[in-house]
Amino acid sequence: MEKTYKKDDILTVTIEDFSEDGLGIGKADGYALFVKDTVVGDTCRVKIMKAKKNYAFAHLEEVIKPSSFRISPSCEKAKACGGCQLQALSYEKQLEFKETRVKNNLIRIGGFDKEFIDSISEPILANDNPFRYRNKAQYPIAWDKKTNAPIAGFYAGHTHSVIPVKDCLLGPEEFSEIMSIILGFIKSEKIPVYSAEEKRKGIRHVLLRKGFTTGEIMVCLVFSDESALKDKDKLISLLKEKKVASLSVSINPHDTNVIMGDNYKTIYGKDTITDYIGDLKFNISPLSFFQVNPTQTKKLYAKALEYASLSGEEAVWDLYCGIGTISLFLAKDAKKVYGVEIIPEAIDDARENAQINDIENAEFFVGKAEEVIDRIWSEQKENHDSNSDGYKMTHPDVIVVDPPRKGCDELCLSTMLKMQPDRIVYVSCDSATLARDLKILCEGGYELKKICACDMFSQSVHVETVTLLFKLSEAKHHFEGVRFTKKEKRYV
Ligand code: SAH
């Protein structure tokens with residue numbers, strides 16, 4: 001009979017893998033143990049905290065034999081903060097772990113053959129700067145009763161208590177200098193600090209952004225009400241010295257996890273800062289979405305563009321287009337790009353971004369990708385005028401998708417299969433849903449040609465992947481519509 005384990009049991013395990021959220025996984029007689037603060041290769045003594053039938057969460061008591069890949073984290077707060085799940089793992093091994101995760105998901109969930117996946121995989125696009133790559137930070141502000149001073153940092157996992165972090169090693173050095181000026185100002189000017197528990201109004205968050213190419217810095221202070229900001233001229237003069245290009249205030253009176261208010265007011269400098277991805281220019285406001293690692297984004301999108309293999313004559317869909325970054329990259333090499341995004345403000349930005357980059361062959365639609373393309377398909381499928389826009393939209397040469405973690409919708413996959421583009425480029429931030437969707441596309445008449453992972457978020461467990469699919473011959477396309485099986489639905 002299999003051995004059963006219970007709470008408080010002490011075991012010795014060797015960590016073999018990482019979970020999606022960065023916990024080390026070890027096995028005892030086939031029973032899986034999830035252990036925080038361990039890395040692959042560690043042999044450790046652990047104590048079971050919560051035991052389930054097939055797995056348990058365990059506490060690390062002692063690393064008996066450290067993994068040869070274990071390094072001492074550069075940030076002293078790495079363990080408490082939880083944002084950098086892989087900091088104790090050498091960067092080389094982080095890359096290997098991410099590449100393997102993508103491949104394993106394609107094999108396990110996608111049903112692809114290991115040799116086949118190995119043969120079409122390109123090396124992961126490594127991050128030239130595995131630290132200080134983020135252009136954005138959002139610090140919660142709290143009042144520390146012990147030191148009687150304001151602190152800024154990160155929430156301790158799933159709580160509202162703030163762990164003070166003076167210098168987050170993922171962001172630029174200037175951010176820590178600016179934060180210490182702001183904290184000093186809050187203290188000296190007695191600016192009230194917000195607390196939901198104590199029902200106190202005041203400052204709640206500070207948003208910082210840096211345009212890596214332009215060097216411009218943006219500061220946005222988030223308050224719970226208008227009255228809390230006092231003596232703003234003093235703050236302006238302090239931040240001017242740090243070359244802050246834009247200082248604004250956003251009011252968010254709601255006791256929710258949403259950080260920003262609905263709008264913002266500039267109190268010094270410009271409303272937006274400017275940055276570039278490749279040679280595309282973007283104006284970024286405190287409320288706009290912008291990729292947090294523009295250097296790796298450029299590499300990822302260059303790969304997507306390479307896979308799209310455009311000659312200048314193609315009609316291309318960019319589904320889940322956000323602020324149109326990929327669309328604009330594609331537009332330079334395509335005849336026409338159609339972008340779709342669910343958030344109206346992102347489409348406003350996409351249109352503005354097209355304009356400031358003098359791109360006239362990109363058209364954007366607000367709505368759910370699946371609904372927009374299904375509607376256009378239904379309206380235009382009888383259109384046989386190959387010079388018309390309607391025909392090109394229903395017979396695109398390439399479809400690019402970059403969905404959120406839950407992957408593409410069933411109707412989106414069905415409609416893509418009906419439209420039969422020559423190539424599909426699938427950009428993904430979750431290789432489990434990617435694998436599910438690739439399986440469906442391959443069953444629907446496509447062939448997986450290339451895979452390339454990209455490390456956008458070094459030190460964390462997240463990995464981006466870009467894949468290329470080719471249409472097989474027409475005869476293979478017999479398909480009735482996509483329905484996820486019960487198992488596939490698990491990933492939605
Ligand atoms: N390609 C973009 C953003 C990709 S992130 C970029 O490179 O910046 C995924 C995007 O999909 C988000 O902007 C999200 O708002 C959007 N989204 C989520 N569900 C959607 C749906 N059903 N239809 C269209 N867009 C959707």
# chains A, B, ... in the order shown; residues from 1 in each chain; ligands from 1

call {"tool": "residues_near_ligand", "arguments": {"ligand": "ligand 1", "cutoff": "6 Å", "atoms": "only C-alpha atoms and all ligand atoms", "output": "ChimeraX atom specification"}}
result
/A:320-323,325-326,340-343,367-369,402-404

call {"tool": "select_by_dssp", "arguments": {"residues": "stretch 124-308 of chain A", "states": "helix (DSSP H, G or I)", "output": "VMD selection string"}}
result
chain A and resid 173 to 188 226 to 228 232 to 240 294 to 308

call {"tool": "residues_around", "arguments": {"residues": "A:Gly153", "least_positions_apart": "3", "cutoff": "6 Å", "atoms": "only C-alpha atoms", "output": "list in words"}}
result
Tyr139, Val162, Ile163, Pro164 and Val165 of chain A

call {"tool": "closest_residue", "arguments": {"among": "A:Ser285, A:Thr394, A:Ser90, A:Ser224", "to": "A:Arg200", "atoms": "only C-alpha atoms"}}
result
A:Ser224

call {"tool": "closest_residue", "arguments": {"among": "A:Ser460, A:Ser68, A:Ser121, A:Ser237", "to": "A:Ile182", "atoms": "only C-alpha atoms"}}
result
A:Ser237

call {"tool": "closest_residue", "arguments": {"among": "A:Val219, A:Ala435, A:Met49, A:Leu86", "to": "A:Phe18", "atoms": "only C-alpha atoms"}}
result
A:Leu86

call {"tool": "residues_around", "arguments": {"residues": "A:Asp271", "least_positions_apart": "6", "cutoff": "9 Å", "atoms": "only C-alpha atoms", "output": "JSON, numbers by chain"}}
result
{"A": [245, 246, 247, 248, 265, 284, 285, 286]}

call {"tool": "atom_distance", "arguments": {"atom1": "atom CA of A:Glu464", "atom2": "atom CA of A:Leu438"}}
result
15.0 Å

call {"tool": "select_by_dssp", "arguments": {"residues": "stretch 261-449 of chain A", "states": "strand (DSSP E or B)", "output": "ChimeraX atom specification"}}
result
/A:265-269,273-277,280-284,315-319,336-341,362-366,398-401,423-428,446-449

call {"tool": "atom_distance", "arguments": {"atom1": "atom CA of A:Thr214", "atom2": "atom CA of A:Lys298"}}
result
15.7 Å

call {"tool": "closest_residue", "arguments": {"among": "A:Asp275, A:Glu352, A:Glu379, A:Glu488", "to": "A:Met218", "atoms": "only C-alpha atoms"}}
result
A:Asp275

call {"tool": "residues_around", "arguments": {"residues": "A:Ala362", "least_positions_apart": "2", "cutoff": "12 Å", "atoms": "only C-alpha atoms", "output": "VMD selection string"}}
result
chain A and resid 315 to 318 321 324 to 340 347 350 to 355 357 to 360 364 to 365

call {"tool": "residues_around", "arguments": {"residues": "A:Leu169", "least_positions_apart": "4", "cutoff": "8 Å", "atoms": "only C-alpha atoms", "output": "PyMOL selection string"}}
result
chain A and resi 74-75+131-132+173

call {"tool": "write_last_selection", "arguments": {"atoms": "N, CA, C and O atoms", "output": "mmCIF file, in the first residue's frame"}}
result
data_model
loop_
_atom_site.group_PDB
_atom_site.id
_atom_site.type_symbol
_atom_site.label_atom_id
_atom_site.label_comp_id
_atom_site.auth_asym_id
_atom_site.auth_seq_id
_atom_site.Cartn_x
_atom_site.Cartn_y
_atom_site.Cartn_z
ATOM 1 N N SER A 74 20.521 38.330 -5.222
ATOM 2 C CA SER A 74 21.132 39.660 -5.162
ATOM 3 C C SER A 74 20.318 40.599 -4.292
ATOM 4 O O SER A 74 20.845 41.527 -3.710
ATOM 5 N N CYS A 75 19.013 40.363 -4.203
ATOM 6 C CA CYS A 75 18.157 41.264 -3.424
ATOM 7 C C CYS A 75 17.888 40.624 -2.071
ATOM 8 O O CYS A 75 17.415 39.486 -2.006
ATOM 9 N N PHE A 131 18.689 41.850 -14.662
ATOM 10 C CA PHE A 131 18.238 42.761 -13.603
ATOM 11 C C PHE A 131 18.041 44.142 -14.225
ATOM 12 O O PHE A 131 18.540 44.424 -15.313
ATOM 13 N N ARG A 132 17.297 44.995 -13.539
ATOM 14 C CA ARG A 132 17.073 46.390 -13.958
ATOM 15 C C ARG A 132 16.510 46.507 -15.364
ATOM 16 O O ARG A 132 16.869 47.382 -16.127
ATOM 17 N N GLU A 173 17.930 52.340 -11.311
ATOM 18 C CA GLU A 173 18.434 52.880 -10.040
ATOM 19 C C GLU A 173 17.758 54.190 -9.654
ATOM 20 O O GLU A 173 17.524 54.451 -8.481
#

call {"tool": "closest_residue", "arguments": {"among": "A:Ser19, A:Ser458, A:Ser161, A:Ser386", "to": "A:Val39", "atoms": "only C-alpha atoms"}}
result
A:Ser19

call {"tool": "closest_residue", "arguments": {"among": "A:Val401, A:Ile277, A:Ala137, A:Ile124", "to": "A:Phe154", "atoms": "only C-alpha atoms"}}
result
A:Ala137

call {"tool": "residues_around", "arguments": {"residues": "A:Glu96", "least_positions_apart": "6", "cutoff": "12 Å", "atoms": "only C-alpha atoms", "output": "MDAnalysis selection string"}}
result
chainID A and resid 17 40 69 89:90 102:104 123:126 453:455 461 463

call {"tool": "write_last_selection", "arguments": {"atoms": "N, CA and C atoms", "output": "CSV table (one decimal), in the first residue's frame"}}
result
chain,number,residue,atom,x,y,z
A,17,ASP,N,11.5,20.1,-9.9
A,17,ASP,CA,10.8,20.9,-10.9
A,17,ASP,C,10.3,22.2,-10.2
A,40,VAL,N,15.5,23.8,-8.1
A,40,VAL,CA,15.7,22.5,-8.7
A,40,VAL,C,17.1,22.0,-8.3
A,69,PHE,N,23.0,24.7,-8.9
A,69,PHE,CA,22.5,25.9,-9.6
A,69,PHE,C,22.1,27.0,-8.6
A,89,LEU,N,18.2,31.0,-8.4
A,89,LEU,CA,18.7,30.1,-9.4
A,89,LEU,C,19.6,30.9,-10.4
A,90,SER,N,20.7,30.2,-10.8
A,90,SER,CA,21.6,30.9,-11.8
A,90,SER,C,20.8,31.3,-13.0
A,102,VAL,N,8.3,25.2,-21.6
A,102,VAL,CA,7.5,25.4,-22.9
A,102,VAL,C,7.4,24.1,-23.6
A,103,LYS,N,8.6,23.4,-23.8
A,103,LYS,CA,8.6,22.2,-24.5
A,103,LYS,C,7.7,21.1,-23.9
A,104,ASN,N,7.9,21.0,-22.5
A,104,ASN,CA,7.1,20.0,-21.8
A,104,ASN,C,5.6,20.2,-22.0
A,123,PRO,N,16.7,28.6,-30.0
A,123,PRO,CA,17.2,28.9,-28.7
A,123,PRO,C,16.4,30.0,-28.0
A,124,ILE,N,16.2,30.0,-26.8
A,124,ILE,CA,15.4,31.0,-26.0
A,124,ILE,C,16.1,32.4,-26.2
A,125,LEU,N,15.4,33.4,-26.4
A,125,LEU,CA,15.9,34.8,-26.5
A,125,LEU,C,16.2,35.3,-25.1
A,126,ALA,N,17.5,35.2,-24.7
A,126,ALA,CA,17.9,35.6,-23.4
A,126,ALA,C,17.9,37.1,-23.2
A,453,ALA,N,11.1,30.6,-27.5
A,453,ALA,CA,10.8,31.2,-26.2
A,453,ALA,C,11.5,32.5,-26.0
A,454,CYS,N,11.0,33.4,-25.2
A,454,CYS,CA,11.7,34.7,-24.9
A,454,CYS,C,11.6,35.0,-23.5
A,455,ASP,N,12.8,35.4,-22.9
A,455,ASP,CA,12.8,35.7,-21.5
A,455,ASP,C,12.5,37.2,-21.2
A,461,VAL,N,9.0,33.3,-12.9
A,461,VAL,CA,8.7,32.1,-13.6
A,461,VAL,C,8.1,32.3,-15.0
A,463,VAL,N,7.3,33.1,-18.8
A,463,VAL,CA,8.0,33.0,-20.1
A,463,VAL,C,7.0,33.3,-21.3

call {"tool": "atom_distance", "arguments": {"atom1": "atom CA of A:Gly171", "atom2": "atom CA of A:Lys136"}}
result
6.9 Å

call {"tool": "decode", "arguments": {"residues": "stretch 329-342 of chain A", "atoms": "all heavy atoms", "output": "mmCIF file, in the first residue's frame"}}
result
data_model
loop_
_atom_site.group_PDB
_atom_site.id
_atom_site.type_symbol
_atom_site.label_atom_id
_atom_site.label_comp_id
_atom_site.auth_asym_id
_atom_site.auth_seq_id
_atom_site.Cartn_x
_atom_site.Cartn_y
_atom_site.Cartn_z
ATOM 1 N N PHE A 329 4.427 47.212 -35.909
ATOM 2 C CA PHE A 329 5.624 46.510 -36.414
ATOM 3 C C PHE A 329 5.297 45.836 -37.745
ATOM 4 O O PHE A 329 6.065 45.909 -38.695
ATOM 5 C CB PHE A 329 6.039 45.410 -35.423
ATOM 6 C CG PHE A 329 7.215 45.784 -34.574
ATOM 7 C CD1 PHE A 329 7.050 46.592 -33.469
ATOM 8 C CD2 PHE A 329 8.480 45.323 -34.887
ATOM 9 C CE1 PHE A 329 8.119 46.933 -32.686
ATOM 10 C CE2 PHE A 329 9.568 45.661 -34.108
ATOM 11 C CZ PHE A 329 9.387 46.466 -32.994
ATOM 12 N N LEU A 330 4.114 45.156 -37.779
ATOM 13 C CA LEU A 330 3.711 44.411 -38.973
ATOM 14 C C LEU A 330 3.383 45.359 -40.128
ATOM 15 O O LEU A 330 3.697 45.083 -41.285
ATOM 16 C CB LEU A 330 2.466 43.564 -38.667
ATOM 17 C CG LEU A 330 2.600 42.454 -37.626
ATOM 18 C CD1 LEU A 330 1.220 41.995 -37.156
ATOM 19 C CD2 LEU A 330 3.369 41.258 -38.211
ATOM 20 N N ALA A 331 2.760 46.494 -39.772
ATOM 21 C CA ALA A 331 2.238 47.401 -40.814
ATOM 22 C C ALA A 331 3.337 47.915 -41.735
ATOM 23 O O ALA A 331 3.105 48.163 -42.914
ATOM 24 C CB ALA A 331 1.504 48.565 -40.158
ATOM 25 N N LYS A 332 4.542 48.042 -41.190
ATOM 26 C CA LYS A 332 5.633 48.566 -42.007
ATOM 27 C C LYS A 332 5.984 47.622 -43.163
ATOM 28 O O LYS A 332 6.515 48.042 -44.171
ATOM 29 C CB LYS A 332 6.872 48.807 -41.132
ATOM 30 C CG LYS A 332 6.642 49.986 -40.167
ATOM 31 C CD LYS A 332 7.897 50.371 -39.442
ATOM 32 C CE LYS A 332 8.312 49.279 -38.477
ATOM 33 N NZ LYS A 332 9.560 49.528 -37.804
ATOM 34 N N ASP A 333 5.687 46.312 -42.965
ATOM 35 C CA ASP A 333 6.057 45.324 -43.986
ATOM 36 C C ASP A 333 4.861 44.676 -44.671
ATOM 37 O O ASP A 333 5.031 43.733 -45.449
ATOM 38 C CB ASP A 333 6.890 44.202 -43.340
ATOM 39 C CG ASP A 333 8.270 44.700 -42.935
ATOM 40 O OD1 ASP A 333 8.623 45.818 -43.342
ATOM 41 O OD2 ASP A 333 8.968 43.980 -42.212
ATOM 42 N N ALA A 334 3.640 45.106 -44.308
ATOM 43 C CA ALA A 334 2.445 44.471 -44.884
ATOM 44 C C ALA A 334 1.681 45.501 -45.714
ATOM 45 O O ALA A 334 1.961 46.697 -45.653
ATOM 46 C CB ALA A 334 1.555 43.940 -43.773
ATOM 47 N N LYS A 335 0.681 45.017 -46.456
ATOM 48 C CA LYS A 335 -0.163 45.968 -47.190
ATOM 49 C C LYS A 335 -1.169 46.590 -46.239
ATOM 50 O O LYS A 335 -1.364 47.795 -46.213
ATOM 51 C CB LYS A 335 -0.895 45.247 -48.320
ATOM 52 C CG LYS A 335 -1.661 46.183 -49.201
ATOM 53 C CD LYS A 335 -1.769 45.618 -50.575
ATOM 54 C CE LYS A 335 -2.056 46.700 -51.583
ATOM 55 N NZ LYS A 335 -2.016 46.143 -52.927
ATOM 56 N N LYS A 336 -1.800 45.729 -45.413
ATOM 57 C CA LYS A 336 -2.822 46.222 -44.503
ATOM 58 C C LYS A 336 -2.843 45.371 -43.236
ATOM 59 O O LYS A 336 -2.748 44.149 -43.310
ATOM 60 C CB LYS A 336 -4.185 46.143 -45.205
ATOM 61 C CG LYS A 336 -5.340 46.708 -44.442
ATOM 62 C CD LYS A 336 -5.456 48.212 -44.588
ATOM 63 C CE LYS A 336 -6.395 48.820 -43.581
ATOM 64 N NZ LYS A 336 -7.580 49.410 -44.146
ATOM 65 N N VAL A 337 -2.957 46.043 -42.086
ATOM 66 C CA VAL A 337 -3.067 45.303 -40.826
ATOM 67 C C VAL A 337 -4.372 45.683 -40.144
ATOM 68 O O VAL A 337 -4.729 46.865 -40.077
ATOM 69 C CB VAL A 337 -1.870 45.615 -39.886
ATOM 70 C CG1 VAL A 337 -2.039 44.918 -38.548
ATOM 71 C CG2 VAL A 337 -0.557 45.187 -40.520
ATOM 72 N N TYR A 338 -5.089 44.660 -39.654
ATOM 73 C CA TYR A 338 -6.320 44.891 -38.901
ATOM 74 C C TYR A 338 -6.078 44.437 -37.459
ATOM 75 O O TYR A 338 -5.796 43.261 -37.223
ATOM 76 C CB TYR A 338 -7.472 44.069 -39.489
ATOM 77 C CG TYR A 338 -7.667 44.277 -40.975
ATOM 78 C CD1 TYR A 338 -7.157 43.356 -41.897
ATOM 79 C CD2 TYR A 338 -8.372 45.381 -41.445
ATOM 80 C CE1 TYR A 338 -7.342 43.542 -43.257
ATOM 81 C CE2 TYR A 338 -8.552 45.575 -42.814
ATOM 82 C CZ TYR A 338 -8.036 44.651 -43.710
ATOM 83 O OH TYR A 338 -8.211 44.835 -45.053
ATOM 84 N N GLY A 339 -6.189 45.377 -36.522
ATOM 85 C CA GLY A 339 -5.965 45.030 -35.113
ATOM 86 C C GLY A 339 -7.286 44.954 -34.363
ATOM 87 O O GLY A 339 -8.206 45.727 -34.637
ATOM 88 N N VAL A 340 -7.400 44.037 -33.409
ATOM 89 C CA VAL A 340 -8.608 43.937 -32.575
ATOM 90 C C VAL A 340 -8.212 43.866 -31.107
ATOM 91 O O VAL A 340 -7.308 43.095 -30.742
ATOM 92 C CB VAL A 340 -9.437 42.661 -32.867
ATOM 93 C CG1 VAL A 340 -10.776 42.730 -32.145
ATOM 94 C CG2 VAL A 340 -9.638 42.445 -34.336
ATOM 95 N N GLU A 341 -8.915 44.620 -30.285
ATOM 96 C CA GLU A 341 -8.613 44.652 -28.853
ATOM 97 C C GLU A 341 -9.898 44.978 -28.106
ATOM 98 O O GLU A 341 -10.702 45.790 -28.553
ATOM 99 C CB GLU A 341 -7.506 45.709 -28.610
ATOM 100 C CG GLU A 341 -7.361 46.239 -27.217
ATOM 101 C CD GLU A 341 -6.953 45.183 -26.193
ATOM 102 O OE1 GLU A 341 -6.082 44.348 -26.481
ATOM 103 O OE2 GLU A 341 -7.535 45.219 -25.086
ATOM 104 N N ILE A 342 -10.032 44.376 -26.917
ATOM 105 C CA ILE A 342 -11.273 44.512 -26.152
ATOM 106 C C ILE A 342 -11.372 45.850 -25.388
ATOM 107 O O ILE A 342 -12.465 46.338 -25.120
ATOM 108 C CB ILE A 342 -11.405 43.293 -25.194
ATOM 109 C CG1 ILE A 342 -12.815 43.101 -24.694
ATOM 110 C CG2 ILE A 342 -10.455 43.389 -24.037
ATOM 111 C CD1 ILE A 342 -13.006 41.735 -24.012
#
